[in-house]
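Participant: Sending over my_file.cif (mmCIF, C-alpha atoms).
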```cif
data_data
loop_
_atom_site.group_PDB
_atom_site.id
_atom_site.type_symbol
_atom_site.label_atom_id
_atom_site.label_comp_id
_atom_site.auth_asym_id
_atom_site.auth_seq_id
_atom_site.Cartn_x
_atom_site.Cartn_y
_atom_site.Cartn_z
ATOM 1 C CA MET A 1 -23.276 37.407 -86.243
ATOM 2 C CA SER A 2 -23.230 33.941 -87.841
ATOM 3 C CA ARG A 3 -24.815 32.534 -84.692
ATOM 4 C CA LEU A 4 -27.612 35.089 -85.040
ATOM 5 C CA ILE A 5 -28.135 34.093 -88.682
ATOM 6 C CA CYS A 6 -28.275 30.416 -87.702
ATOM 7 C CA GLN A 7 -30.852 31.182 -85.047
ATOM 8 C CA LEU A 8 -32.886 33.145 -87.597
ATOM 9 C CA ILE A 9 -32.755 30.191 -90.017
ATOM 10 C CA ILE A 10 -33.872 27.820 -87.292
ATOM 11 C CA GLY A 11 -36.649 30.209 -86.376
ATOM 12 C CA CYS A 12 -37.915 30.295 -89.963
ATOM 13 C CA THR A 13 -37.682 26.496 -90.241
ATOM 14 C CA LEU A 14 -39.648 26.082 -87.047
ATOM 15 C CA LEU A 15 -42.329 28.410 -88.294
ATOM 16 C CA LEU A 16 -42.595 26.221 -91.393
ATOM 17 C CA LEU A 17 -42.862 23.098 -89.278
ATOM 18 C CA GLY A 18 -45.352 24.639 -86.914
ATOM 19 C CA ALA A 19 -43.091 24.013 -83.945
ATOM 20 C CA CYS A 20 -42.352 26.395 -81.101
ATOM 21 C CA SER A 21 -39.313 27.178 -78.993
ATOM 22 C CA ASP A 22 -39.521 27.469 -75.247
ATOM 23 C CA GLN A 23 -36.709 27.659 -72.681
ATOM 24 C CA GLY A 24 -34.020 26.490 -75.084
ATOM 25 C CA VAL A 25 -36.038 23.566 -76.400
ATOM 26 C CA VAL A 26 -37.755 23.079 -79.755
ATOM 27 C CA ASN A 27 -40.802 20.827 -79.917
ATOM 28 C CA PHE A 28 -41.488 18.948 -83.156
ATOM 29 C CA ARG A 29 -44.916 17.398 -83.483
ATOM 30 C CA ILE A 30 -44.050 14.298 -85.461
ATOM 31 C CA ASN A 31 -47.472 12.785 -85.974
ATOM 32 C CA GLY A 32 -50.567 11.917 -83.963
ATOM 33 C CA ILE A 33 -48.686 9.878 -81.397
ATOM 34 C CA SER A 34 -45.382 11.482 -80.656
ATOM 35 C CA GLN A 35 -43.584 14.765 -80.139
ATOM 36 C CA LEU A 36 -39.813 15.230 -80.041
ATOM 37 C CA SER A 37 -38.146 17.959 -77.993
ATOM 38 C CA LEU A 38 -34.610 18.915 -78.996
ATOM 39 C CA SER A 39 -32.328 21.536 -77.524
ATOM 40 C CA ASN A 40 -31.609 24.703 -79.497
ATOM 41 C CA GLU A 41 -27.930 23.861 -79.092
ATOM 42 C CA LEU A 42 -28.338 20.665 -81.116
ATOM 43 C CA LEU A 43 -30.256 22.515 -83.817
ATOM 44 C CA ILE A 44 -27.948 25.478 -84.374
ATOM 45 C CA GLY A 45 -26.504 25.126 -87.856
ATOM 46 C CA ALA A 46 -28.686 22.098 -88.634
ATOM 47 C CA ASN A 47 -30.377 21.441 -91.972
ATOM 48 C CA VAL A 48 -34.006 20.395 -91.736
ATOM 49 C CA SER A 49 -35.539 18.690 -94.791
ATOM 50 C CA PRO A 50 -39.000 17.329 -95.418
ATOM 51 C CA LEU A 51 -38.332 13.611 -95.788
ATOM 52 C CA ASP A 52 -41.447 11.546 -95.058
ATOM 53 C CA ASN A 53 -41.964 13.498 -91.861
ATOM 54 C CA PHE A 54 -38.573 15.151 -91.730
ATOM 55 C CA LEU A 55 -34.837 14.846 -91.546
ATOM 56 C CA ILE A 56 -32.608 16.833 -89.207
ATOM 57 C CA ALA A 57 -28.918 16.874 -90.057
ATOM 58 C CA THR A 58 -26.970 18.623 -87.328
ATOM 59 C CA LYS A 59 -23.841 20.698 -87.770
ATOM 60 C CA SER A 60 -21.773 17.762 -86.502
ATOM 61 C CA ASN A 61 -23.313 15.473 -89.171
ATOM 62 C CA ASP A 62 -25.596 13.557 -86.841
ATOM 63 C CA THR A 63 -28.878 12.707 -88.541
ATOM 64 C CA ILE A 64 -32.347 12.194 -87.161
ATOM 65 C CA HIS A 65 -34.801 10.883 -89.727
ATOM 66 C CA ILE A 66 -38.379 10.560 -88.552
ATOM 67 C CA SER A 67 -41.198 8.842 -90.405
ATOM 68 C CA THR A 68 -44.588 7.367 -89.712
ATOM 69 C CA LEU A 69 -45.591 3.807 -90.543
ATOM 70 C CA THR A 70 -49.187 2.899 -91.273
ATOM 71 C CA PRO A 71 -50.739 -0.415 -92.360
ATOM 72 C CA SER A 72 -51.007 0.845 -95.942
ATOM 73 C CA ILE A 73 -47.289 1.754 -96.013
ATOM 74 C CA LEU A 74 -46.489 -1.807 -94.959
ATOM 75 C CA GLY A 75 -48.931 -3.075 -97.592
ATOM 76 C CA PHE A 76 -51.178 -4.937 -95.161
ATOM 77 C CA GLU A 77 -54.477 -3.450 -93.995
ATOM 78 C CA ASN A 78 -56.172 -4.489 -90.746
ATOM 79 C CA ILE A 79 -53.022 -5.238 -88.807
ATOM 80 C CA ASP A 80 -52.361 -4.017 -85.278
ATOM 81 C CA LEU A 81 -49.182 -1.969 -85.686
ATOM 82 C CA ARG A 82 -48.533 -1.909 -81.932
ATOM 83 C CA THR A 83 -47.358 -5.516 -82.255
ATOM 84 C CA PHE A 84 -45.052 -4.813 -85.214
ATOM 85 C CA PRO A 85 -41.915 -3.879 -83.206
ATOM 86 C CA LYS A 86 -42.604 -6.738 -80.794
ATOM 87 C CA TYR A 87 -42.176 -9.156 -83.672
ATOM 88 C CA ILE A 88 -39.186 -7.307 -85.115
ATOM 89 C CA PHE A 89 -37.446 -7.291 -81.725
ATOM 90 C CA GLY A 90 -38.251 -10.974 -81.128
ATOM 91 C CA ILE A 91 -40.433 -10.269 -78.095
ATOM 92 C CA ASP A 92 -43.528 -11.830 -79.611
ATOM 93 C CA LYS A 93 -42.406 -15.046 -81.237
ATOM 94 C CA GLU A 94 -45.789 -16.242 -82.444
ATOM 95 C CA ILE A 95 -45.620 -14.960 -85.998
ATOM 96 C CA PRO A 96 -49.008 -14.860 -87.750
ATOM 97 C CA SER A 97 -49.490 -17.191 -90.677
ATOM 98 C CA GLY A 98 -49.990 -16.007 -94.255
ATOM 99 C CA PRO A 99 -48.262 -13.339 -96.367
ATOM 100 C CA TYR A 100 -47.937 -10.851 -93.466
ATOM 101 C CA GLY A 101 -46.208 -13.455 -91.301
ATOM 102 C CA LYS A 102 -43.927 -14.427 -94.171
ATOM 103 C CA GLU A 103 -42.862 -10.814 -94.692
ATOM 104 C CA LEU A 104 -42.457 -10.351 -90.923
ATOM 105 C CA THR A 105 -40.097 -13.323 -90.748
ATOM 106 C CA LYS A 106 -37.988 -11.750 -93.461
ATOM 107 C CA ALA A 107 -38.120 -8.341 -91.722
ATOM 108 C CA ILE A 108 -36.850 -9.879 -88.460
ATOM 109 C CA GLU A 109 -33.947 -11.393 -90.372
ATOM 110 C CA VAL A 110 -33.154 -8.036 -92.023
ATOM 111 C CA HIS A 111 -33.383 -6.150 -88.716
ATOM 112 C CA THR A 112 -31.118 -8.550 -86.845
ATOM 113 C CA GLY A 113 -28.672 -8.394 -89.747
ATOM 114 C CA ILE A 114 -28.334 -4.631 -89.295
ATOM 115 C CA TYR A 115 -28.553 -4.126 -85.536
ATOM 116 C CA LYS A 116 -27.002 -5.994 -82.658
ATOM 117 C CA THR A 117 -29.665 -8.003 -80.842
ATOM 118 C CA LEU A 118 -27.888 -7.329 -77.555
ATOM 119 C CA SER A 119 -28.437 -3.616 -78.017
ATOM 120 C CA ASN A 120 -32.241 -4.010 -77.982
ATOM 121 C CA ARG A 121 -33.947 -1.938 -75.330
ATOM 122 C CA ILE A 122 -37.569 -1.272 -74.519
ATOM 123 C CA ILE A 123 -38.540 1.899 -72.693
ATOM 124 C CA THR A 124 -41.995 2.903 -71.532
ATOM 125 C CA LYS A 125 -42.833 6.609 -71.357
ATOM 126 C CA GLY A 126 -46.452 7.072 -70.290
ATOM 127 C CA MET A 127 -48.622 5.929 -73.181
ATOM 128 C CA LEU A 128 -45.605 5.391 -75.416
ATOM 129 C CA THR A 129 -43.299 2.415 -75.786
ATOM 130 C CA LEU A 130 -39.908 2.906 -77.414
ATOM 131 C CA TYR A 131 -38.135 -0.054 -79.005
ATOM 132 C CA VAL A 132 -34.479 0.853 -79.527
ATOM 133 C CA ALA A 133 -31.773 -1.065 -81.403
ATOM 134 C CA SER A 134 -28.344 0.150 -82.453
ATOM 135 C CA ASN A 135 -24.978 -0.740 -83.861
ATOM 136 C CA GLU A 136 -21.728 1.293 -83.859
ATOM 137 C CA LYS A 137 -23.047 4.324 -85.769
ATOM 138 C CA ASP A 138 -26.731 3.696 -86.454
ATOM 139 C CA ALA A 139 -29.814 3.231 -84.366
ATOM 140 C CA VAL A 140 -33.491 2.669 -84.995
ATOM 141 C CA VAL A 141 -36.350 3.561 -82.668
ATOM 142 C CA TYR A 142 -39.917 2.292 -83.128
ATOM 143 C CA ILE A 143 -42.505 4.130 -81.045
ATOM 144 C CA THR A 144 -45.957 2.754 -80.355
ATOM 145 C CA HIS A 145 -48.889 4.270 -78.498
ATOM 146 C CA LYS A 146 -50.888 2.114 -76.075
ATOM 147 C CA GLN A 147 -54.244 3.086 -77.569
ATOM 148 C CA ILE A 148 -53.435 3.602 -81.244
ATOM 149 C CA ASP A 149 -53.113 0.565 -83.468
ATOM 150 C CA ASP A 150 -52.769 2.055 -86.957
ATOM 151 C CA GLN A 151 -49.720 4.306 -86.616
ATOM 152 C CA ILE A 152 -46.180 3.964 -85.308
ATOM 153 C CA THR A 153 -43.242 6.334 -85.398
ATOM 154 C CA LEU A 154 -39.973 5.157 -86.898
ATOM 155 C CA ILE A 155 -36.769 7.081 -86.158
ATOM 156 C CA HIS A 156 -33.412 6.355 -87.764
ATOM 157 C CA LEU A 157 -30.349 7.880 -86.141
ATOM 158 C CA LYS A 158 -26.801 8.181 -87.348
ATOM 159 C CA SER A 159 -23.922 9.541 -85.323
ATOM 160 C CA ASN A 160 -20.337 8.920 -84.349
ATOM 161 C CA LYS A 161 -21.635 9.181 -80.783
ATOM 162 C CA ILE A 162 -24.714 7.056 -81.322
ATOM 163 C CA ASN A 163 -25.398 6.308 -77.657
ATOM 164 C CA LYS A 164 -25.506 10.008 -76.850
ATOM 165 C CA LEU A 165 -27.937 10.715 -79.699
ATOM 166 C CA VAL A 166 -30.154 7.796 -78.684
ATOM 167 C CA GLU A 167 -30.227 9.232 -75.171
ATOM 168 C CA ILE A 168 -31.277 12.657 -76.522
ATOM 169 C CA ILE A 169 -34.133 11.050 -78.468
ATOM 170 C CA GLU A 170 -35.248 8.915 -75.538
ATOM 171 C CA GLN A 171 -35.376 11.978 -73.334
ATOM 172 C CA GLY A 172 -37.010 14.157 -75.956
ATOM 173 C CA ILE A 173 -39.864 11.884 -76.978
ATOM 174 C CA SER A 174 -43.256 12.433 -75.449
ATOM 175 C CA TYR A 175 -46.916 12.111 -76.308
ATOM 176 C CA ASP A 176 -48.804 15.273 -77.168
ATOM 177 C CA GLY A 177 -46.474 17.446 -75.158
ATOM 178 C CA ALA A 178 -46.961 15.533 -71.916
ATOM 179 C CA LYS A 179 -43.576 14.292 -70.715
ATOM 180 C CA MET B 1 -15.389 12.798 -110.484
ATOM 181 C CA MET B 2 -17.530 15.053 -112.637
ATOM 182 C CA GLY B 3 -21.103 16.230 -112.063
ATOM 183 C CA LEU B 4 -23.972 14.140 -113.334
ATOM 184 C CA SER B 5 -25.398 14.562 -116.806
ATOM 185 C CA ARG B 6 -29.103 15.050 -117.388
ATOM 186 C CA GLU B 7 -29.409 11.403 -118.501
ATOM 187 C CA GLU B 8 -27.608 10.168 -115.394
ATOM 188 C CA LYS B 9 -29.948 12.184 -113.176
ATOM 189 C CA ASP B 10 -32.949 10.723 -115.024
ATOM 190 C CA SER B 11 -31.662 7.197 -114.490
ATOM 191 C CA LEU B 12 -30.864 7.854 -110.839
ATOM 192 C CA GLU B 13 -34.356 9.277 -110.277
ATOM 193 C CA ALA B 14 -35.921 6.185 -111.888
ATOM 194 C CA ILE B 15 -33.841 3.903 -109.639
ATOM 195 C CA ILE B 16 -34.791 5.876 -106.512
ATOM 196 C CA ILE B 17 -38.485 5.651 -107.466
ATOM 197 C CA ARG B 18 -38.182 1.889 -107.889
ATOM 198 C CA ILE B 19 -36.622 1.551 -104.452
ATOM 199 C CA TYR B 20 -38.668 4.040 -102.451
ATOM 200 C CA GLY B 21 -41.744 4.835 -104.532
ATOM 201 C CA ASN B 22 -42.649 8.252 -105.803
ATOM 202 C CA GLU B 23 -41.505 10.089 -102.704
ATOM 203 C CA HIS B 24 -41.645 13.816 -103.228
ATOM 204 C CA SER B 25 -38.792 14.665 -100.872
ATOM 205 C CA LEU B 26 -36.365 12.439 -102.772
ATOM 206 C CA ILE B 27 -37.611 13.341 -106.237
ATOM 207 C CA SER B 28 -37.930 17.089 -105.701
ATOM 208 C CA VAL B 29 -34.159 17.415 -105.187
ATOM 209 C CA LYS B 30 -33.323 15.705 -108.499
ATOM 210 C CA SER B 31 -31.626 18.837 -109.829
ATOM 211 C CA ARG B 32 -29.159 18.563 -106.934
ATOM 212 C CA TYR B 33 -28.287 14.886 -107.437
ATOM 213 C CA ASN B 34 -24.532 14.472 -107.671
ATOM 214 C CA GLU B 35 -21.858 11.789 -107.528
ATOM 215 C CA TYR B 36 -22.337 11.470 -103.766
ATOM 216 C CA THR B 37 -26.026 10.753 -104.385
ATOM 217 C CA VAL B 38 -25.053 7.957 -106.771
ATOM 218 C CA SER B 39 -22.767 6.609 -104.073
ATOM 219 C CA ALA B 40 -25.560 6.700 -101.431
ATOM 220 C CA VAL B 41 -27.991 4.929 -103.782
ATOM 221 C CA GLU B 42 -25.240 2.407 -104.510
ATOM 222 C CA ASP B 43 -24.942 1.751 -100.762
ATOM 223 C CA ALA B 44 -28.723 1.265 -100.556
ATOM 224 C CA LEU B 45 -28.621 -1.236 -103.436
ATOM 225 C CA ASN B 46 -25.702 -3.036 -101.802
ATOM 226 C CA ALA B 47 -27.802 -3.271 -98.619
ATOM 227 C CA ALA B 48 -30.758 -4.520 -100.686
ATOM 228 C CA VAL B 49 -28.686 -7.505 -101.750
ATOM 229 C CA ASN B 50 -29.026 -8.805 -98.190
ATOM 230 C CA CYS B 51 -32.804 -8.546 -98.148
ATOM 231 C CA ASN B 52 -33.972 -9.020 -101.721
ATOM 232 C CA SER B 53 -32.989 -11.982 -103.825
ATOM 233 C CA ASP B 54 -34.167 -10.245 -107.027
ATOM 234 C CA ILE B 55 -31.616 -7.463 -106.500
ATOM 235 C CA LYS B 56 -28.922 -10.000 -105.697
ATOM 236 C CA ASP B 57 -29.673 -11.900 -108.922
ATOM 237 C CA LEU B 58 -29.797 -8.659 -110.882
ATOM 238 C CA LEU B 59 -26.402 -7.454 -109.713
ATOM 239 C CA THR B 60 -24.910 -10.884 -110.228
ATOM 240 C CA SER B 61 -26.173 -11.041 -113.807
ATOM 241 C CA LEU B 62 -25.364 -7.438 -114.719
ATOM 242 C CA ILE B 63 -22.117 -6.842 -112.958
ATOM 243 C CA GLY B 64 -20.835 -10.335 -112.520
ATOM 244 C CA GLY B 65 -21.116 -10.966 -108.810
ATOM 245 C CA TYR B 66 -22.155 -8.551 -106.083
ATOM 246 C CA ARG B 67 -19.522 -9.841 -103.685
ATOM 247 C CA HIS B 68 -16.789 -8.440 -105.859
ATOM 248 C CA LEU B 69 -18.345 -5.072 -106.610
ATOM 249 C CA ALA B 70 -15.857 -2.265 -106.775
ATOM 250 C CA LYS B 71 -16.907 1.119 -105.426
ATOM 251 C CA ASN B 72 -18.669 3.331 -108.012
ATOM 252 C CA TRP B 73 -20.149 0.397 -109.918
ATOM 253 C CA LEU B 74 -23.514 2.146 -110.049
ATOM 254 C CA ARG B 75 -22.327 5.227 -111.920
ATOM 255 C CA ARG B 76 -20.841 3.003 -114.611
ATOM 256 C CA ASN B 77 -24.079 1.003 -114.868
ATOM 257 C CA LEU B 78 -26.811 3.572 -114.205
ATOM 258 C CA ARG B 79 -28.756 3.015 -117.412
ATOM 259 C CA ALA B 80 -28.474 -0.786 -117.217
ATOM 260 C CA ILE B 81 -29.667 -0.862 -113.610
ATOM 261 C CA GLU B 82 -32.515 1.545 -114.430
ATOM 262 C CA LYS B 83 -33.676 -0.677 -117.295
ATOM 263 C CA ALA B 84 -33.377 -3.852 -115.239
ATOM 264 C CA LEU B 85 -35.302 -2.391 -112.293
ATOM 265 C CA ASP B 86 -37.966 -1.199 -114.693
ATOM 266 C CA SER B 87 -38.705 -4.754 -115.740
ATOM 267 C CA GLU B 88 -41.266 -6.725 -113.768
ATOM 268 C CA ARG B 89 -38.584 -9.280 -112.987
ATOM 269 C CA VAL B 90 -37.339 -7.308 -109.968
ATOM 270 C CA LYS B 91 -39.802 -6.920 -107.136
ATOM 271 C CA LEU B 92 -39.158 -4.574 -104.236
ATOM 272 C CA ASN B 93 -42.639 -4.562 -102.750
ATOM 273 C CA GLY B 94 -42.157 -6.162 -99.367
ATOM 274 C CA PHE B 95 -41.796 -4.030 -96.233
ATOM 275 C CA ALA B 96 -38.999 -6.224 -94.893
ATOM 276 C CA CYS B 97 -36.571 -4.763 -97.402
ATOM 277 C CA ARG B 98 -38.224 -1.450 -98.283
ATOM 278 C CA VAL B 99 -39.008 -0.282 -94.725
ATOM 279 C CA VAL B 100 -36.890 -2.293 -92.293
ATOM 280 C CA GLY B 101 -33.857 -2.688 -94.536
ATOM 281 C CA LEU B 102 -33.625 0.359 -96.754
ATOM 282 C CA SER B 103 -35.399 3.302 -95.154
ATOM 283 C CA LYS B 104 -32.285 4.268 -93.213
ATOM 284 C CA TRP B 105 -30.575 5.095 -96.534
ATOM 285 C CA LYS B 106 -33.128 7.769 -97.401
ATOM 286 C CA SER B 107 -31.485 10.278 -95.092
ATOM 287 C CA GLU B 108 -28.092 9.499 -96.621
ATOM 288 C CA ILE B 109 -29.468 10.159 -100.098
ATOM 289 C CA ILE B 110 -31.056 13.479 -99.206
ATOM 290 C CA GLN B 111 -27.983 14.619 -97.305
ATOM 291 C CA THR B 112 -25.821 14.228 -100.381
ATOM 292 C CA THR B 113 -27.880 16.914 -102.114
ATOM 293 C CA TYR B 114 -26.434 19.482 -99.699
ATOM 294 C CA ARG B 115 -22.914 18.742 -100.933
#
```
For the file at hand, write its structure as C-alpha cells.
Facilitator:
Amino acid sequence: MSRLICQLIIGCTLLLLGACSDQGVVNFRINGISQLSLSNELLIGANVSPLDNFLIATKSNDTIHISTLTPSILGFENIDLRTFPKYIFGIDKEIPSGPYGKELTKAIEVHTGIYKTLSNRIITKGMLTLYVASNEKDAVVYITHKQIDDQITLIHLKSNKINKLVEIIEQGISYDGAK
Amino acid sequence: MMGLSREEKDSLEAIIIRIYGNEHSLISVKSRYNEYTVSAVEDALNAAVNCNSDIKDLLTSLIGGYRHLAKNWLRRNLRAIEKALDSERVKLNGFACRVVGLSKWKSEIIQTTYR
C-alpha cells in the first residue's frame, strides 16, 4: 500500500515537472541542453523540490541538485560558457585577462580545494560534454553542449556511494531525449 | 535544541539572501527553517571562509577567529551576522565563491526543511 502511495506521489510530482515515465525510467528535462533519465526505483520515496531547476533527495538520502548557469548568473555577459569548465578543470590554462580571468583564477582555486584533481573525468556523449569531479561524498558535474555557448548545466551530487550515483547520472544524461 | 523564533527565522532568511540572492526556493520555505537549517547555513559560511576574505575577516572580528569556531556558533550570533552581512563591507558577488564554492550547500539547506 505504501509503495502504491509513493508511486502516486511520484506520478503527481512528474506531472508537475512535465516529465513522463516509460519502461521504468523517468525523464527530467533540465533545460535547453540536457535531459536526465532516472529509474523509478531510485525515485520511489524521494522528495523533489524546486531549487533553481530542482533537487531530488532519494529515500536513502542521496541528493541530486540540478541548476543552469548562464553568463548573467556568473555576472559576466558575452562569455562563451562552453569554456568555463575547461578552465575550472585546468584543461585550458590560458586564463583571459581582466575581471573575468581574475574571478576564474579564484574559482579554480575554490574548485580544487573541494574536489580531488585526480578524480577529474571528461566524458563525451553526442553533443554533450560532461566534466566530473568528486571527493568522498560529493561530486560536481558540468555539462556543456557543443553548439550552445550561453548555458551550461551544473549538477551537485551527494551520497555515501558517490561513485555509484555519478555513474547513474553519467548514464542518465542525454540531449533532448537522444541517448 | 529548541525551534527557531520568528526573529531568528528573519535573520536566517536575511543571511541566506545575502549568500544566494533572493532565491524563491530557499526563501519560500522560511516557515520551515529550523535548527538544522541554521547548522546547514553555518556550514556554508564556514565553507565561504575558504573562498571569501570578507567572510573570513567578518568571522574573525565577530567571533574571535574562525579556526576555533565551535559548532552552533551561528545560532548564537544570528543577529550579529545578519547585521554585518547587511553592511557594504562584506561582498559576496563573485561567482568563484557563490557558484563554484557555495552552491552545493543549497541542497543541504533545503533538505533541512523536511526535518
Participant: Which residues of chain B have any atom within 12 Å of an atom in chain A when counting all atoms listed in the file, and what is the closest pair of atoms for each, with the distance in Å to one decimal? Order the rows by chain and rising number and write it as CSV.
Facilitator:
```
residue,atom,partner,partner_atom,distance
B:Tyr20,CA,A:Asp52,CA,10.9
B:Gly21,CA,A:Ile73,CA,10.6
B:Asn22,CA,A:Asp52,CA,11.3
B:Glu23,CA,A:Asp52,CA,7.8
B:His24,CA,A:Leu51,CA,8.1
B:Ser25,CA,A:Leu51,CA,5.2
B:Leu26,CA,A:Leu51,CA,7.3
B:Ile27,CA,A:Leu51,CA,10.5
B:Ser28,CA,A:Pro50,CA,10.3
B:Val29,CA,A:Ser49,CA,10.6
B:Ala47,CA,A:Ile114,CA,9.4
B:Ala48,CA,A:Val110,CA,9.7
B:Val49,CA,A:Val110,CA,10.7
B:Asn50,CA,A:Val110,CA,7.5
B:Cys51,CA,A:Val110,CA,6.2
B:Asn52,CA,A:Lys106,CA,9.6
B:Ser53,CA,A:Lys106,CA,11.5
B:Leu92,CA,A:Gly75,CA,11.9
B:Asn93,CA,A:Gly75,CA,8.3
B:Gly94,CA,A:Glu103,CA,6.6
B:Phe95,CA,A:Leu74,CA,5.3
B:Ala96,CA,A:Ala107,CA,3.9
B:Cys97,CA,A:Ala107,CA,6.9
B:Arg98,CA,A:Leu74,CA,8.9
B:Val99,CA,A:Leu74,CA,7.6
B:Val100,CA,A:Ala107,CA,6.2
B:Gly101,CA,A:Val110,CA,6.0
B:Leu102,CA,A:Val110,CA,9.6
B:Ser103,CA,A:His156,CA,8.2
B:Lys104,CA,A:His156,CA,5.9
B:Trp105,CA,A:His156,CA,9.3
B:Lys106,CA,A:Leu51,CA,8.0
B:Ser107,CA,A:His65,CA,6.3
B:Glu108,CA,A:Thr63,CA,8.7
B:Ile109,CA,A:Leu51,CA,10.4
B:Ile110,CA,A:Leu51,CA,8.0
B:Gln111,CA,A:Ala57,CA,7.6
B:Thr112,CA,A:Ala57,CA,11.1
B:Thr113,CA,A:Ser49,CA,10.7
B:Tyr114,CA,A:Asn47,CA,8.9
B:Arg115,CA,A:Asn47,CA,12.0
```
Participant: Quote the spacing between CA of Tyr175 in chain A and CA of Thr129 in chain A in Å to one decimal place.
Facilitator: 10.4 Å
Participant: Starting from the displayed file, determine the output of the PyMOL selection byres ((chain B and resi 11-13) around 7) and express the residue list as number ranges by chain.
Facilitator: B: 7-10, 14-17, 27, 30, 78-79, 82
Participant: I'd like the neighbourhood of range 75-77 of chain B as a short mmCIF file (atom, residue, chain, number, x, y, z; two decimals) with C-alpha atoms, in the coordinates of the input, where a residue qualifies if any of its atoms comes within 10 Å (using all atoms listed in the file), though same-chain residues fewer than 6 positions away should be ignored.
Facilitator:
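Contents of around_9.cif, as written:
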```
data_model
loop_
_atom_site.label_atom_id
_atom_site.label_comp_id
_atom_site.auth_asym_id
_atom_site.auth_seq_id
_atom_site.Cartn_x
_atom_site.Cartn_y
_atom_site.Cartn_z
CA LEU B 4 -23.97 14.14 -113.33
CA GLU B 8 -27.61 10.17 -115.39
CA SER B 11 -31.66 7.20 -114.49
CA LEU B 12 -30.86 7.85 -110.84
CA GLU B 35 -21.86 11.79 -107.53
CA VAL B 38 -25.05 7.96 -106.77
CA SER B 39 -22.77 6.61 -104.07
CA VAL B 41 -27.99 4.93 -103.78
CA GLU B 42 -25.24 2.41 -104.51
CA LEU B 62 -25.36 -7.44 -114.72
CA ILE B 63 -22.12 -6.84 -112.96
#
```
Participant: Could you list, as a PDB file with C-alpha atoms, keeping the file's coordinate frame, every residue within 8 Å of Leu128 in chain A, counting only C-alpha atoms and ignoring same-chain residues fewer than 5 positions away?
Facilitator:
```pdb
ATOM      1  CA  ILE A 143     -42.505   4.130 -81.045  1.00  0.00           C
ATOM      2  CA  THR A 144     -45.957   2.754 -80.355  1.00  0.00           C
ATOM      3  CA  HIS A 145     -48.889   4.270 -78.498  1.00  0.00           C
ATOM      4  CA  LYS A 146     -50.888   2.114 -76.075  1.00  0.00           C
ATOM      5  CA  SER A 174     -43.256  12.433 -75.449  1.00  0.00           C
ATOM      6  CA  TYR A 175     -46.916  12.111 -76.308  1.00  0.00           C
TER       7      TYR A 175
END
```
Participant: Generate a file for range 23-66 of chain B, containing C-alpha atoms, as a tab-separated table (two decimals), in the first residue's frame.
Facilitator:
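That gives us result_16.tsv:
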```
chain	number	residue	atom	x	y	z
B	23	GLU	CA	16.08	32.72	-4.49
B	24	HIS	CA	12.45	31.78	-4.22
B	25	SER	CA	13.04	28.11	-3.43
B	26	LEU	CA	15.15	28.95	-0.38
B	27	ILE	CA	13.01	31.85	0.80
B	28	SER	CA	9.61	30.23	0.27
B	29	VAL	CA	10.39	27.58	2.92
B	30	LYS	CA	11.22	30.17	5.60
B	31	SER	CA	8.35	28.99	7.80
B	32	ARG	CA	10.05	25.57	7.94
B	33	TYR	CA	13.52	26.83	8.88
B	34	ASN	CA	14.76	25.02	11.96
B	35	GLU	CA	17.94	24.40	13.93
B	36	TYR	CA	19.20	22.05	11.22
B	37	THR	CA	18.78	24.88	8.70
B	38	VAL	CA	20.92	27.12	10.90
B	39	SER	CA	23.50	24.36	11.00
B	40	ALA	CA	23.49	23.99	7.17
B	41	VAL	CA	23.86	27.76	6.70
B	42	GLU	CA	26.66	27.67	9.27
B	43	ASP	CA	28.42	25.02	7.17
B	44	ALA	CA	28.00	27.20	4.07
B	45	LEU	CA	29.51	30.19	5.90
B	46	ASN	CA	32.37	28.02	7.15
B	47	ALA	CA	32.98	26.98	3.52
B	48	ALA	CA	32.82	30.65	2.47
B	49	VAL	CA	35.79	31.37	4.71
B	50	ASN	CA	37.93	29.46	2.21
B	51	CYS	CA	36.78	31.48	-0.77
B	52	ASN	CA	35.90	34.93	0.52
B	53	SER	CA	38.28	37.03	2.55
B	54	ASP	CA	35.46	39.38	3.64
B	55	ILE	CA	33.66	36.49	5.36
B	56	LYS	CA	36.90	35.33	6.93
B	57	ASP	CA	37.55	38.83	8.32
B	58	LEU	CA	33.95	39.10	9.48
B	59	LEU	CA	34.01	35.86	11.44
B	60	THR	CA	37.40	36.68	12.88
B	61	SER	CA	36.20	40.07	14.10
B	62	LEU	CA	32.81	38.91	15.36
B	63	ILE	CA	33.56	35.55	16.82
B	64	GLY	CA	37.23	35.82	17.50
B	65	GLY	CA	38.81	33.51	14.97
B	66	TYR	CA	37.11	31.20	12.50
```
